[in-house]
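Report on one structure; see the data block that follows.
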Amino acid sequence: MIHMAILDGRSGGPLTIRPFMARMPSMKSKHAHFQEQFPQLAERAREILCASPACHDWDHTQRVLNLARHLARVEGADRIVVEFAAVLHDVGRPDELADQGRTCHAQRGAEIAERLLGEVGIADGAFKTAVSDCVRTHRYRRRHGGKPASVEAEVVFDADKLDSIGAVGIGRAFHFAGRIGARLHNTREAALNSESYSREDSAYREFLVKLQHIRDCMLTREGRRIATLRHEFMVQFFDRICREANGEDVEVEGGSNQ
Ligand SMILES: [Fe+2]
Ligand SMILES: [Fe+2]
């Protein structure tokens with residue numbers, strides 16, 4: 001609910017100021033007639049994702065959908081393509097989890113997306129391709145191919161990345177660390193000299209290795225704006241937890257607290 005308040009301007013803080021939000025009016029989608037198939041499709045995605053671990057479960061997809069709707073509005077992307085792609089973007093996850101990562105869930109998800117769209121009665125090949133292309137490229141990394149090639153794909157990519165940073169990103173990082181038995185917190189040195197899935201694979205390690213770089217990967221202007229705010233919150237949080245872990249926050253200014 002917090003991110004919704006931020007996105008629709010009810011937060012009351014500085015985040016309510018969005019000077020360029022009105023620069024791009026909400027565009028009517030030429031695919032609006034597919035809207036009635038959306039609830040059925042979302043239900044299929046929910047069934048597929050409800051058993052996934054919390055980092056990539058149905059809750060994550062709903063947050064990505066909310067962010068994607070906002071980004072689509074601001075960036076002038078086709079709302080229907082974005083909504084369908086956002087709700088389907090991780091449907092390949094269970095297959096990737098089942099074979100320990102040999103399957104790429106974005107590639108597999110694009111195939112499943114095309115099939116599910118057909119199963120809910122959508123035969124429009126161009127629409128199916130537009131949606132599945134967003135799913136296929138939502139995992140894009142600079143050193144690999146498959147860069148998002150449409151504004152809709154960029155929006156879905158950014159929405160997915162935004163959900164991995166900020167307060168939600170911190171929560172996800174601690175959730176993952178707890179699931180693999182990692183420490184609550186460790187030093188920068190211990191974190192950076194450790195391996196994935198080790199006891200030192202803490203939330204702080206996730207921040208240092210991955211989360212602090214996500215802001216620089218954003219593809220849309222509005223995505224970058226939100227990512228910057230979420231990034232600043234993470235920096236403050238991890239600075240604070242480092243100080244608390246060292247007892248620095250209880251020191252009395254100008255002398256000892258003993
Ligand atoms: Fe994904
Ligand atoms: Fe995702």
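Labels used: A, B, ... for chains in the order of the structure tokens, numbers from 1 for residues in each chain, and numbers from 1 for ligands as shown.
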(request) Enumerate residues in contact with ligand 2: an atom-to-atom distance of at most 9 Å, counting only C-alpha atoms and all ligand atoms. Format the result as an NGL selection string. (result) :A and (55-57 or 60-61 or 64 or 86 or 89-90 or 93 or 138-139 or 157 or 159-161 or 163-164)
(message) Taking only segment 49-86 of chain A into account, list the residues labelled alpha helix (DSSP H) by DSSP (computed from the backbone), as a PyMOL selection string.
(response) chain A and resi 49+58-75+79-86
(message) Env of Gly92 of chain A: 10 Å cut, atoms = only C-alpha atoms, seq-sep filter 6 positions within chain, self excluded. Answer as a list of chain:residue names.
(response)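 Surrounding residues, per the criterion: A:Ala45, A:Ile48, A:Leu49, A:Thr103, A:Cys104, A:His105, A:Ala106, A:Gln107, A:Arg108, A:Gly109, A:Ala110, A:Glu111, A:Ile112, A:Ala113, A:Val135, A:Arg136.
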(message) Which residue is closest to ligand 1? Choose from A:Arg224, A:His70, A:Arg141, A:His185 and count only C-alpha atoms and all ligand atoms.
(response)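 The answer is A:Arg141, which sits nearest to ligand 1.
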(request) Fewer than 3 positions away in the same chain doesn't count, so skip those; otherwise give me all residues within 8 Å of Ala42 of chain A, counting only C-alpha atoms, as a ChimeraX atom specification. (result) /A:38-39,45-46,87-88
Export of the given selection (N, CA and C atoms) as a compact mmCIF listing (two decimals), in the first residue's frame:
# COMPACT_ATOMS: atom_id res chain seq x y z
N PHE A 38 -8.52 -9.84 -19.39
CA PHE A 38 -7.45 -9.64 -18.41
C PHE A 38 -7.68 -10.39 -17.09
N PRO A 39 -8.88 -10.33 -16.46
CA PRO A 39 -9.07 -11.03 -15.19
C PRO A 39 -8.80 -12.53 -15.30
N ALA A 45 -2.15 -16.56 -14.17
CA ALA A 45 -0.82 -16.20 -13.67
C ALA A 45 -0.75 -16.40 -12.16
N ARG A 46 -1.81 -16.02 -11.45
CA ARG A 46 -1.84 -16.19 -9.99
C ARG A 46 -1.70 -17.67 -9.62
N VAL A 87 1.63 -8.80 -15.81
CA VAL A 87 1.02 -9.87 -15.04
C VAL A 87 1.61 -11.24 -15.43
N LEU A 88 2.17 -11.32 -16.64
CA LEU A 88 2.73 -12.59 -17.12
C LEU A 88 4.25 -12.67 -16.97
(request) Would you kindly return, as a list in words, each protein, DNA or RNA residue with an atom no farther than 9 Å from any atom of Ala191 of chain A, considering only C-alpha atoms and excluding same-chain residues fewer than 3 positions away? (result)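 Listing them by chain and then by number gives His185, Asn186, Thr187, Arg188, Ser194, Glu195, Glu200, Asp201, Ser202, Tyr204, Arg205, Glu206, Leu208 and Val209 of chain A.
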(request) Just give me the gap between atom CA of Gly171 of chain A and atom CA of Arg240 of chain A in Å, one decimal is fine. (result) 15.2 Å
(message) Nearest residue to ligand 1 out of A:Leu229, A:Leu116, A:Cys50, A:Val156, using only C-alpha atoms and all ligand atoms?
(response)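 Checking each of A:Leu229, A:Leu116, A:Cys50, A:Val156 against ligand 1, counting only C-alpha atoms and all ligand atoms, the winner is A:Val156.
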(message) Using only C-alpha atoms and all ligand atoms for the distances, tell me which of A:Ile165, A:Ala130, A:Val91, A:Val120 is nearest to ligand 1.
(response)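 Answer, going by the shortest atom-to-atom distance: A:Val91.
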(message) Excluding Ile180 of chain A and its own-chain neighbours fewer than 2 positions away, which residues fall within 8 Å of it when counting only C-alpha atoms? Please give them as number ranges by chain.
(response) A: 176-178, 182, 197-199
(request) May I have the residues within 9 Å of Gln37 of chain A as a PyMOL selection string, using only C-alpha atoms and disregarding those fewer than 2 positions away in the same chain? (result) chain A and resi 33-35+39-42+117+120-122
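With distances taken over only C-alpha atoms and all ligand atoms, A:Tyr140 is the one residue among A:Phe233, A:Phe84, A:Tyr140, A:Phe174 lying closest to ligand 1.
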(message) With distances taken over only C-alpha atoms and all ligand atoms, which residue among A:Glu152, A:Asp124, A:Glu244, A:Glu96 lies nearest ligand 1?
(response)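 Of A:Glu152, A:Asp124, A:Glu244, A:Glu96, the one nearest ligand 1 is A:Glu96, counting only C-alpha atoms and all ligand atoms.
Atom CA of Asp158 of chain A is positioned 5.7 Å from atom CA of Met218 of chain A.
Proximity ranking of A:Val250, A:Leu211, A:Ala245, A:Ala72 relative to Ser29 of chain A places A:Ala72 first, based on only C-alpha atoms.
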